[in-house]
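Asker: Sending over data-v3.txt (compact mmCIF, C-alpha atoms).
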```txt
# COMPACT_ATOMS: atom_id res chain seq x y z
CA MET A 1 0.00 0.00 0.00
CA LEU A 2 2.77 2.43 0.92
CA ALA A 3 4.56 1.72 -2.35
CA ALA A 4 1.32 2.42 -4.23
CA ALA A 5 0.90 5.73 -2.41
CA TYR A 6 4.50 6.65 -3.13
CA GLN A 7 4.04 5.91 -6.83
CA GLU A 8 0.83 7.96 -6.97
CA LEU A 9 2.55 10.91 -5.31
CA ASP A 10 5.31 10.77 -7.89
CA SER A 11 2.87 11.83 -10.58
CA ASP A 12 0.19 13.84 -8.73
CA SER A 13 -0.22 16.04 -5.71
CA PHE A 14 -1.57 14.96 -2.37
CA ALA A 15 -4.88 16.67 -3.20
CA GLU A 16 -5.39 14.23 -6.10
CA LEU A 17 -4.76 11.12 -3.98
CA THR A 18 -7.89 9.13 -3.10
CA LEU A 19 -8.57 5.77 -1.52
CA ASP A 20 -10.03 4.60 -4.84
CA ARG A 21 -6.80 5.48 -6.68
CA LEU A 22 -4.77 3.70 -4.01
CA ALA A 23 -7.01 0.65 -4.31
CA ARG A 24 -6.59 0.56 -8.10
CA ARG A 25 -2.82 1.04 -7.92
CA SER A 26 -2.27 -1.52 -5.15
CA GLY A 27 -4.88 -4.11 -6.07
CA VAL A 28 -6.22 -3.95 -2.51
CA HIS A 29 -9.94 -3.43 -1.98
CA VAL A 30 -10.85 0.05 -0.74
CA SER A 31 -12.68 -1.39 2.31
CA THR A 32 -9.45 -3.10 3.39
CA ILE A 33 -7.59 0.18 3.10
CA ARG A 34 -10.30 1.94 5.13
CA ARG A 35 -10.14 -0.70 7.85
CA ARG A 36 -6.37 -0.41 8.24
CA TRP A 37 -5.71 3.31 7.59
CA ARG A 38 -9.20 4.93 7.66
CA THR A 39 -8.14 7.80 5.36
CA VAL A 40 -5.64 8.84 2.71
CA GLU A 41 -3.90 10.85 5.44
CA GLY A 42 -3.47 7.67 7.48
CA VAL A 43 -1.70 5.98 4.58
CA VAL A 44 0.48 9.02 3.93
CA VAL A 45 1.42 9.38 7.61
CA ASP A 46 2.72 5.81 7.55
CA LEU A 47 4.51 6.57 4.29
CA LEU A 48 6.21 9.62 5.84
CA ALA A 49 7.30 7.57 8.86
CA GLU A 50 8.74 4.88 6.59
CA ARG A 51 10.57 7.30 4.29
CA SER A 52 11.94 9.62 6.96
CA SER A 53 13.34 6.68 8.92
CA THR A 54 15.74 6.05 6.02
CA LEU A 55 17.43 9.44 6.49
CA PRO A 56 20.85 8.95 8.07
CA THR A 57 22.15 10.57 11.25
CA PRO A 58 25.76 11.34 10.32
CA ASP A 59 28.48 10.65 12.86
CA THR A 60 31.79 11.37 11.12
CA GLY A 61 33.57 12.84 14.13
CA ASP A 62 33.53 16.29 12.52
CA PHE A 63 30.66 18.62 13.47
CA HIS A 64 30.77 20.70 10.28
CA ARG A 65 30.78 17.60 8.09
CA ASP A 66 27.91 16.07 10.10
CA LEU A 67 25.84 19.24 9.60
CA SER A 68 26.68 19.20 5.88
CA GLU A 69 25.72 15.56 5.42
CA LEU A 70 22.49 15.94 7.39
CA THR A 71 21.50 19.08 5.48
CA GLN A 72 22.24 17.42 2.13
CA ALA A 73 20.17 14.37 3.13
CA ILE A 74 17.24 16.61 4.09
CA ALA A 75 17.62 18.50 0.82
CA ASP A 76 17.73 15.32 -1.25
CA PHE A 77 14.68 13.94 0.55
CA ASN A 78 12.67 17.12 0.00
CA ASN A 79 13.79 17.60 -3.59
CA ALA A 80 12.10 14.33 -4.57
CA LEU A 81 8.68 15.37 -5.91
CA ARG A 82 6.79 12.63 -4.14
CA ASN A 83 8.41 13.39 -0.77
CA ARG A 84 7.60 17.06 -1.23
CA ASN A 85 4.01 16.10 -2.11
CA VAL A 86 3.82 14.00 1.07
CA MET A 87 5.08 16.86 3.24
CA GLN A 88 2.87 19.52 1.67
CA GLY A 89 -0.18 17.28 1.79
CA LEU A 90 0.29 16.23 5.37
CA LEU A 91 0.71 19.80 6.55
CA ALA A 92 -2.42 20.82 4.68
CA ALA A 93 -4.31 17.92 6.26
CA ALA A 94 -2.90 18.76 9.70
CA ALA A 95 -4.48 22.21 9.48
CA HIS A 96 -7.93 20.56 9.49
CA ASP A 97 -7.39 17.34 11.42
CA THR A 98 -5.96 17.38 14.95
CA ARG A 99 -5.12 13.67 14.71
CA VAL A 100 -2.94 14.27 11.64
CA GLU A 101 -1.49 17.38 13.30
CA GLU A 102 -0.38 15.35 16.31
CA ILE A 103 1.08 12.58 14.16
CA VAL A 104 3.06 15.05 12.04
CA ARG A 105 4.30 16.88 15.14
CA SER A 106 5.39 13.67 16.86
CA ALA A 107 7.18 12.50 13.69
CA PHE A 108 9.15 15.74 13.53
CA VAL A 109 9.89 15.70 17.26
CA ARG A 110 11.09 12.08 17.04
CA ARG A 111 13.34 12.80 14.06
CA THR A 112 14.71 15.95 15.70
CA GLU A 113 15.58 13.95 18.80
CA GLU A 114 17.39 11.35 16.68
CA VAL A 115 19.60 13.89 14.93
CA THR A 116 20.43 15.88 18.06
CA LEU A 117 23.06 13.16 18.49
CA ILE A 118 25.19 15.21 16.07
CA VAL A 119 25.17 18.16 18.46
CA ARG A 120 25.55 16.10 21.64
CA ASN A 121 28.58 14.31 20.17
CA ALA A 122 30.15 17.63 19.13
CA VAL A 123 29.72 18.97 22.68
CA GLU A 124 31.31 15.81 24.12
CA ARG A 125 34.29 16.17 21.75
CA GLY A 126 34.67 19.81 22.76
CA ASP A 127 34.00 21.02 19.20
CA ILE A 128 31.20 23.35 20.30
CA PRO A 129 30.34 25.09 23.58
CA GLU A 130 29.03 23.18 26.58
CA GLY A 131 25.31 23.86 27.13
CA THR A 132 24.48 24.13 23.42
CA ASP A 133 20.76 23.47 22.95
CA ALA A 134 20.76 20.59 20.48
CA ARG A 135 17.06 20.88 19.57
CA GLU A 136 17.41 24.57 18.74
CA VAL A 137 20.46 23.87 16.55
CA ILE A 138 18.53 21.26 14.55
CA ALA A 139 15.52 23.61 14.30
CA ALA A 140 17.78 26.38 12.95
CA LEU A 141 19.27 23.94 10.45
CA GLY A 142 15.87 22.76 9.19
CA ALA A 143 14.06 26.11 9.13
CA PRO A 144 15.47 27.53 5.86
CA ILE A 145 14.93 24.23 4.07
CA TYR A 146 11.33 23.78 5.17
CA TYR A 147 10.62 27.45 4.48
CA ARG A 148 11.79 26.92 0.90
CA VAL A 149 9.82 23.69 0.44
CA LEU A 150 6.61 24.42 2.33
CA ILE A 151 6.16 28.19 2.07
CA LEU A 152 7.88 29.11 -1.19
CA ARG A 153 7.12 25.68 -2.72
CA GLY A 154 10.53 25.58 -4.34
CA SER A 155 13.36 23.10 -4.57
CA ILE A 156 16.52 23.19 -2.51
CA ASP A 157 19.67 24.17 -4.38
CA GLN A 158 23.30 23.78 -3.33
CA ARG A 159 23.54 27.43 -2.37
CA LEU A 160 20.77 27.01 0.20
CA VAL A 161 22.43 23.87 1.57
CA HIS A 162 25.76 25.69 1.84
CA THR A 163 24.43 28.88 3.44
CA THR A 164 22.27 26.92 5.88
CA VAL A 165 25.20 24.80 7.03
CA GLU A 166 27.57 27.76 7.30
CA ALA A 167 25.12 30.01 9.16
CA THR A 168 24.20 27.26 11.62
CA TYR A 169 27.81 26.16 12.12
CA GLN A 170 29.06 29.70 12.77
CA ALA A 171 26.18 30.47 15.13
CA VAL A 172 26.78 27.27 17.10
CA ARG A 173 30.54 27.85 17.32
CA SER A 174 30.02 31.41 18.55
CA GLY A 175 27.71 30.26 21.37
CA VAL A 176 24.40 31.57 20.02
CA PHE A 177 22.62 28.34 21.02
CA VAL A 178 24.07 28.02 24.55
CA ARG A 179 21.27 27.84 27.11
CA LYS A 180 21.50 30.62 29.66
CA GLY A 181 20.87 30.00 33.33
```
Step by step, read the file and then write its structure as structure tokens.
Answerer:
Amino acid sequence: MLAAAYQELDSDSFAELTLDRLARRSGVHVSTIRRRWRTVEGVVVDLLAERSSTLPTPDTGDFHRDLSELTQAIADFNNALRNRNVMQGLLAAAAHDTRVEEIVRSAFVRRTEEVTLIVRNAVERGDIPEGTDAREVIAALGAPIYYRVLILRGSIDQRLVHTTVEATYQAVRSGVFVRKG
């Protein structure tokens, strides 16, 4: 089912995705899909969880390189039309469905927690200041990318990857993200 949804999103937007189209593509009866996922959003939420779990959490021993690899992985993921369709569609659905909103939020929180390892490791190695707020660093890294994809509805170019990494790296090194108090 998830493969069928992914294939559908490669050619059309989330708004065009229906349970009937998924049933035709997958060969699974629509009532079976309804029983398991209830809605198109339910299928797509599972698809997002599956696809985002394949994104690596770099651990090269070099903070700058880890930020670069993570940012490039996020860019590559979001530059794929179907992944962009998934993200845009889920956020649109979340605006009207609190269940989808909570699922999307928890998926982003979970993934953010996973990749904070990059920051925690850099603190332990002494590469960046003690007390650096790992969640805020990852949020600052992701913000320009998701702004480009979700607000401007554009693709992510190498310049954006580079400037995002450099701005985040320099801010972290200078102590901008150190928790006070």
Asker: Using all atoms listed in the file, which residue out of A:Leu91, A:Val100, A:Leu47, A:Ala134 lies closest to Arg120 (chain A)?
Answerer: A:Ala134
Asker: Calculated over all atoms listed in the file, which of the candidates A:Glu124, A:Asp59, A:Asp46, A:Glu166 has the smallest distance to Ala107 (chain A)?
Answerer: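 Using all atoms listed in the file, the shortest distance to Ala107 (chain A) belongs to A:Asp46.
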Asker: Between A:Thr57, A:Asn83, A:Thr39, A:Thr163, which has the minimum distance to Leu9 (chain A) (counting all atoms listed in the file)?
Answerer: A:Asn83
Asker: Which one is closest to Ala93 (chain A): A:Glu41, A:Val165, A:Gly175, A:Leu67? Count only C-alpha atoms.
Answerer: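 Result for the nearest residue to Ala93 (chain A): A:Glu41.
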Asker: Taking all atoms listed in the file into account, which of A:Leu2, A:Val44, A:Leu70, A:Val115 comes nearest His162 (chain A)?
Answerer: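 Using all atoms listed in the file, the shortest distance to His162 (chain A) belongs to A:Leu70.
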Asker: Provide the CA of Glu130 (chain A) to CA of Thr112 (chain A) distance in Å, to one decimal place.
Answerer: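 According to the coordinates, CA of Glu130 (chain A) and CA of Thr112 (chain A) are separated by 19.4 Å.
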Asker: Considering only C-alpha atoms, state which residue in the set A:Arg179, A:Arg153, A:Arg105, A:Arg34 is at the smallest distance from Asn79 (chain A).
Answerer: A:Arg153
Asker: Record the distance separating CA of Val178 (chain A) and CA of Thr60 (chain A), expressed in Å with one decimal.
Answerer: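 Result for CA of Val178 (chain A) versus CA of Thr60 (chain A): 22.7 Å, one decimal.
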Asker: What does the distance between CA of Gln7 (chain A) and CA of Arg159 (chain A) come to in Å, to one decimal place?
Answerer: 29.4 Å
Asker: Need the shell around Val137 (chain A): protein/DNA/RNA residues with any atom at most 12 Å away, counting only C-alpha atoms. Skip same-chain ones fewer than 5 positions apart. Format as a PyMOL selection string?
Answerer: chain A and resi 63+67+112-113+115-120+122+128+131-132+142-143+164-165+167-173+175-179
Asker: I'd like the box whose edges run along x, y and z of the file and which contains every listed atom of region 134-140 of chain A, padded by 6 Å per side; could you state its centre and edge lengths in Å, one decimal, as lines of an AutoDock Vina configuration file?
Answerer:
```
center_x = 18.1
center_y = 23.5
center_z = 16.7
size_x = 17.2
size_y = 17.8
size_z = 19.5
```
